[in-house]
Amino acid sequence: MNGLIRLEVLRVLRNRKFLFFSVIYPSVLFLLVAGTADPTATLGGTGLTLPAYMMVSMASFGALTAVLMGNSERIAKERENGWVRQLRLTPLPGRGYVLAKTAGAAVGALPAIVLVFVVAAVVKDVRLDAWQWLALTAAIWAGSLVFAALGVAIGYAATGDAVRPITMIVYFGLSLLGGLWMPTTTFPRWLQDLAAWLPTHAYAALGRAIEQQHAPGVRDVAVLLVFLVLFTGCAARLYRKDTSQA
Amino acid sequence: MTTTDTVVFDRVTKRYGDVRAVDDLTLTLRPGETVALLGPNGAGKSTTLDLLLGLKRPDSGSVTVLGTGPREAIVAGRVGAMLQSGGLMGEVTVAELVRLACGLHPRPYPVPDVLARAGLTAIAGRRADKLSGGQAQRVRFALATAGDGDLIVLDEPTTGMDVTARRAFWATMRDQADRGRTVLFATHYLEEADAIADRVLVLHRGRLLADGTATEIKASTGMRRVSFDLPGGTPDETALRRLPAVTAVSVSPGGTVRMRSKDADATVHALYGLGFYPRNLEVAGLGLEQAFVALTGTEEAVAP
């Protein structure tokens with residue numbers, strides 16, 4: 001079991017393309033969005049500067065990329081090429097595969113989060129208390145579990161060919177509508193109301209609450225928990241269905 | 001406690017839609033046996049192995065492996081299995097995969113031993129997803145034999161191996177069997193079944209058609225090959241066909257006659273009675289391959 005986790009982590013670290021998209025890309029995107037902005041002006045009603053606001057968005061986006069893409073695509077491909085079946089012929093307990101995958105994805109997510117923070121602090125002078133940095137890292141990292149579960153569900157629902165387009169639609173939809181790329185305040189009213197119920201919106205709001213030194217919003221925590229239960233439930237169901245027919 | 005049977009199928013049926021891939025199958029494998037599972041394509045070999053390994057559940061009947069359910073036996077590390085097309089993990093080396101398999105096993109063998117036994121030492125550093133078919137097959141074999149178990153299940157294990165690799169592979173399997181393990185393998189290569197298995201199961205349309213040693217199965221068809229030369233021109237084929245118990249006749253232009261007979265004694269006796277003077281007369285049993293074709297009544301199983 002530990003051996004499998006170790007290997008999954010190694011694979012993530014060895015996959016340069018994946019590392020680029022999950023670790024480097026969010027920081028690059030952060031610089032593009034926050035680069036030209038006035039670093040002192042605060043963003044409508046939040047009391048946060050644009051770099052501080054976008055830092056949480058992009059760190060969340062990076063973690064989302066790592067866990068969602070990492071899980072869905074790999075699980076679907078490995079179901080198709082027979083590795084999942086091969087593993088079922090070893091004494092590995094049934095859930096070990098999913099746990100190891102999620103652990104590997106989580107290891108990819110941590111550097112993505114930290115790199116965005118470092119870039120924001122060094123290049124855009126974002127300043128927070130030490131406890132805030134730690135709490136942000138912990139909250140964003142832990143929150144990514146919701147999307148790791150979604151990745152597992154997609155990985156067991158989709159075939160090897162369909163998994164990439166499906167993941168992309170979910171990924172872009174959640175990122176864009178959840179306000180990870182731009183504040184949802186630019187959306188029309190009805191879309192803002194809808195976006196407020198998305199797990200990505202709640203996810204970024206969690207981080208922003210820490211920046212604002214607020215307690216996290218009850219609704220945001222509730223939304224995240226409901227989606228965690230929902231995605232985990234779907235993943236477990238699809239996993240059981242897959243194992244009974246493999 | 002008496003010795004437990006290694007595998008027990010009790011009236012097992014598995015359907016796919018209207019097709020019964022495995023149809024009321026009952027069989028028992030005992031410790032230390034080396035068993036070949038033969039059958040034409042679609043006979044239910046792979047489904048039988050999947051049921052045995054808990055990858056599929058029977059619609060009715062029960063499968064018991066080493067006294068427990070298949071999944072429990074695998075989790076306990078008592079079953080090693082190698083399937084035809086199990087994919088391998090990407091981005092890791094052969095040695096890392098083998099180390100993983102050893103790490104997952106409750107009673108693992110040392111990694112270098114497993115690598116050496118599977119002939120992988122030289123390619124231990126290669127990436128597991130960039131191997132030739134035969135090499136990947138050897139990696140699957142290493143994964144199946146990473147630890148001390150009681151049963152080894154192999155589905156078409158030597159597909160993609162050259163003759164040398166195949167010979168080395170079976171030498172290793174023999175060694176496993178000599179240590180008291182039960183080995184069950186499905187194969188298309190009838191000569192492998194003949195040479196290696198001490199018991200042959202012939203499966204056809206999901207049913208067990210024959211069960212015995214290779215010799216017994218060859219004899220069970222009751223069919224013999226009769227061949228001889230008839231000097232002095234092309235013999236009268238119609239006369240030969242009318243000989244008792246003959247089921248097939250072929251005559252080569254040089255005057256060599258090959259016949260198949262259900263009762264070779266009667267055929268040869270009548271041959272002389274008709275005034276033929278056969279030279280180089282040979283009477284032999286069928287090969288396993290011919291017996292197999294005779295049993296299943298199909299040619300499709302005669303793979304290269």
# chains A, B, ... in the order shown; residues from 1 in each chain; ligands from 1

call {"tool": "interface_residues", "arguments": {"of": "chain B", "to": "chain A", "cutoff": "10 Å", "atoms": "only C-alpha atoms", "output": "number ranges by chain"}}
result
B: 50, 53-57, 71-92, 96-97, 99-106, 140, 143-144, 146

call {"tool": "select_by_dssp", "arguments": {"residues": "region 21-172 of chain A", "states": "helix (DSSP H, G or I)", "output": "ChimeraX atom specification"}}
result
/A:21-35,50-81,83-87,96-123,130-157,163-172

call {"tool": "select_by_dssp", "arguments": {"residues": "region 70-281 of chain B", "states": "strand (DSSP E)", "output": "MDAnalysis selection string"}}
result
chainID B and resid 79:82 151:155 182:186 199:204 207:212 224:229 246:251 256:261 279:281

call {"tool": "residues_around", "arguments": {"residues": "region 29-38 of chain B", "least_positions_apart": "6", "cutoff": "10 Å", "atoms": "only C-alpha atoms", "output": "VMD selection string"}}
result
chain B and resid 3 to 9 44 to 46 48 to 49 65 to 66 150 to 156 173 to 174 176 to 190 192 to 194 196 to 204 208 to 214 292 301

call {"tool": "residues_around", "arguments": {"residues": "Thr247 (chain B)", "least_positions_apart": "2", "cutoff": "10 Å", "atoms": "only C-alpha atoms", "output": "list of chain:residue names"}}
result
B:Met223, B:Arg241, B:Arg242, B:Leu243, B:Pro244, B:Ala245, B:Val249, B:Met259, B:Arg260, B:Ser261, B:Lys262, B:Asp263

call {"tool": "residues_around", "arguments": {"residues": "Leu174 (chain A)", "least_positions_apart": "2", "cutoff": "8 Å", "atoms": "only C-alpha atoms", "output": "PyMOL selection string"}}
result
chain A and resi 170-172+176-178+198-200

call {"tool": "closest_residue", "arguments": {"among": "A:Trp181, A:Phe227, A:Trp131, A:Trp197", "to": "Glu211 (chain A)", "atoms": "only C-alpha atoms"}}
result
A:Trp131

call {"tool": "residues_around", "arguments": {"residues": "Gly207 (chain A)", "least_positions_apart": "6", "cutoff": "7 Å", "atoms": "only C-alpha atoms", "output": "short mmCIF file (atom, residue, chain, number, x, y, z; two decimals) with C-alpha atoms, in the first residue's frame"}}
result
data_model
loop_
_atom_site.label_atom_id
_atom_site.label_comp_id
_atom_site.auth_asym_id
_atom_site.auth_seq_id
_atom_site.Cartn_x
_atom_site.Cartn_y
_atom_site.Cartn_z
CA VAL A 56 -6.09 32.71 -3.75
CA LEU A 136 -4.26 29.33 3.39
CA ALA A 139 -7.31 25.21 3.57
CA ILE A 140 -6.60 25.12 -0.16
#

call {"tool": "residues_around", "arguments": {"residues": "Ser60 (chain A)", "least_positions_apart": "3", "cutoff": "8 Å", "atoms": "only C-alpha atoms", "output": "PyMOL selection string"}}
result
chain A and resi 56-57+63-64+113+140+144+180+203-204

call {"tool": "closest_residue", "arguments": {"among": "A:Leu191, A:Leu50, A:Val67, A:Met55", "to": "Ala106 (chain A)", "atoms": "only C-alpha atoms"}}
result
A:Val67

call {"tool": "closest_residue", "arguments": {"among": "B:Val114, B:Leu271, B:Ala124, B:Val283", "to": "Phe141 (chain B)", "atoms": "only C-alpha atoms"}}
result
B:Val114
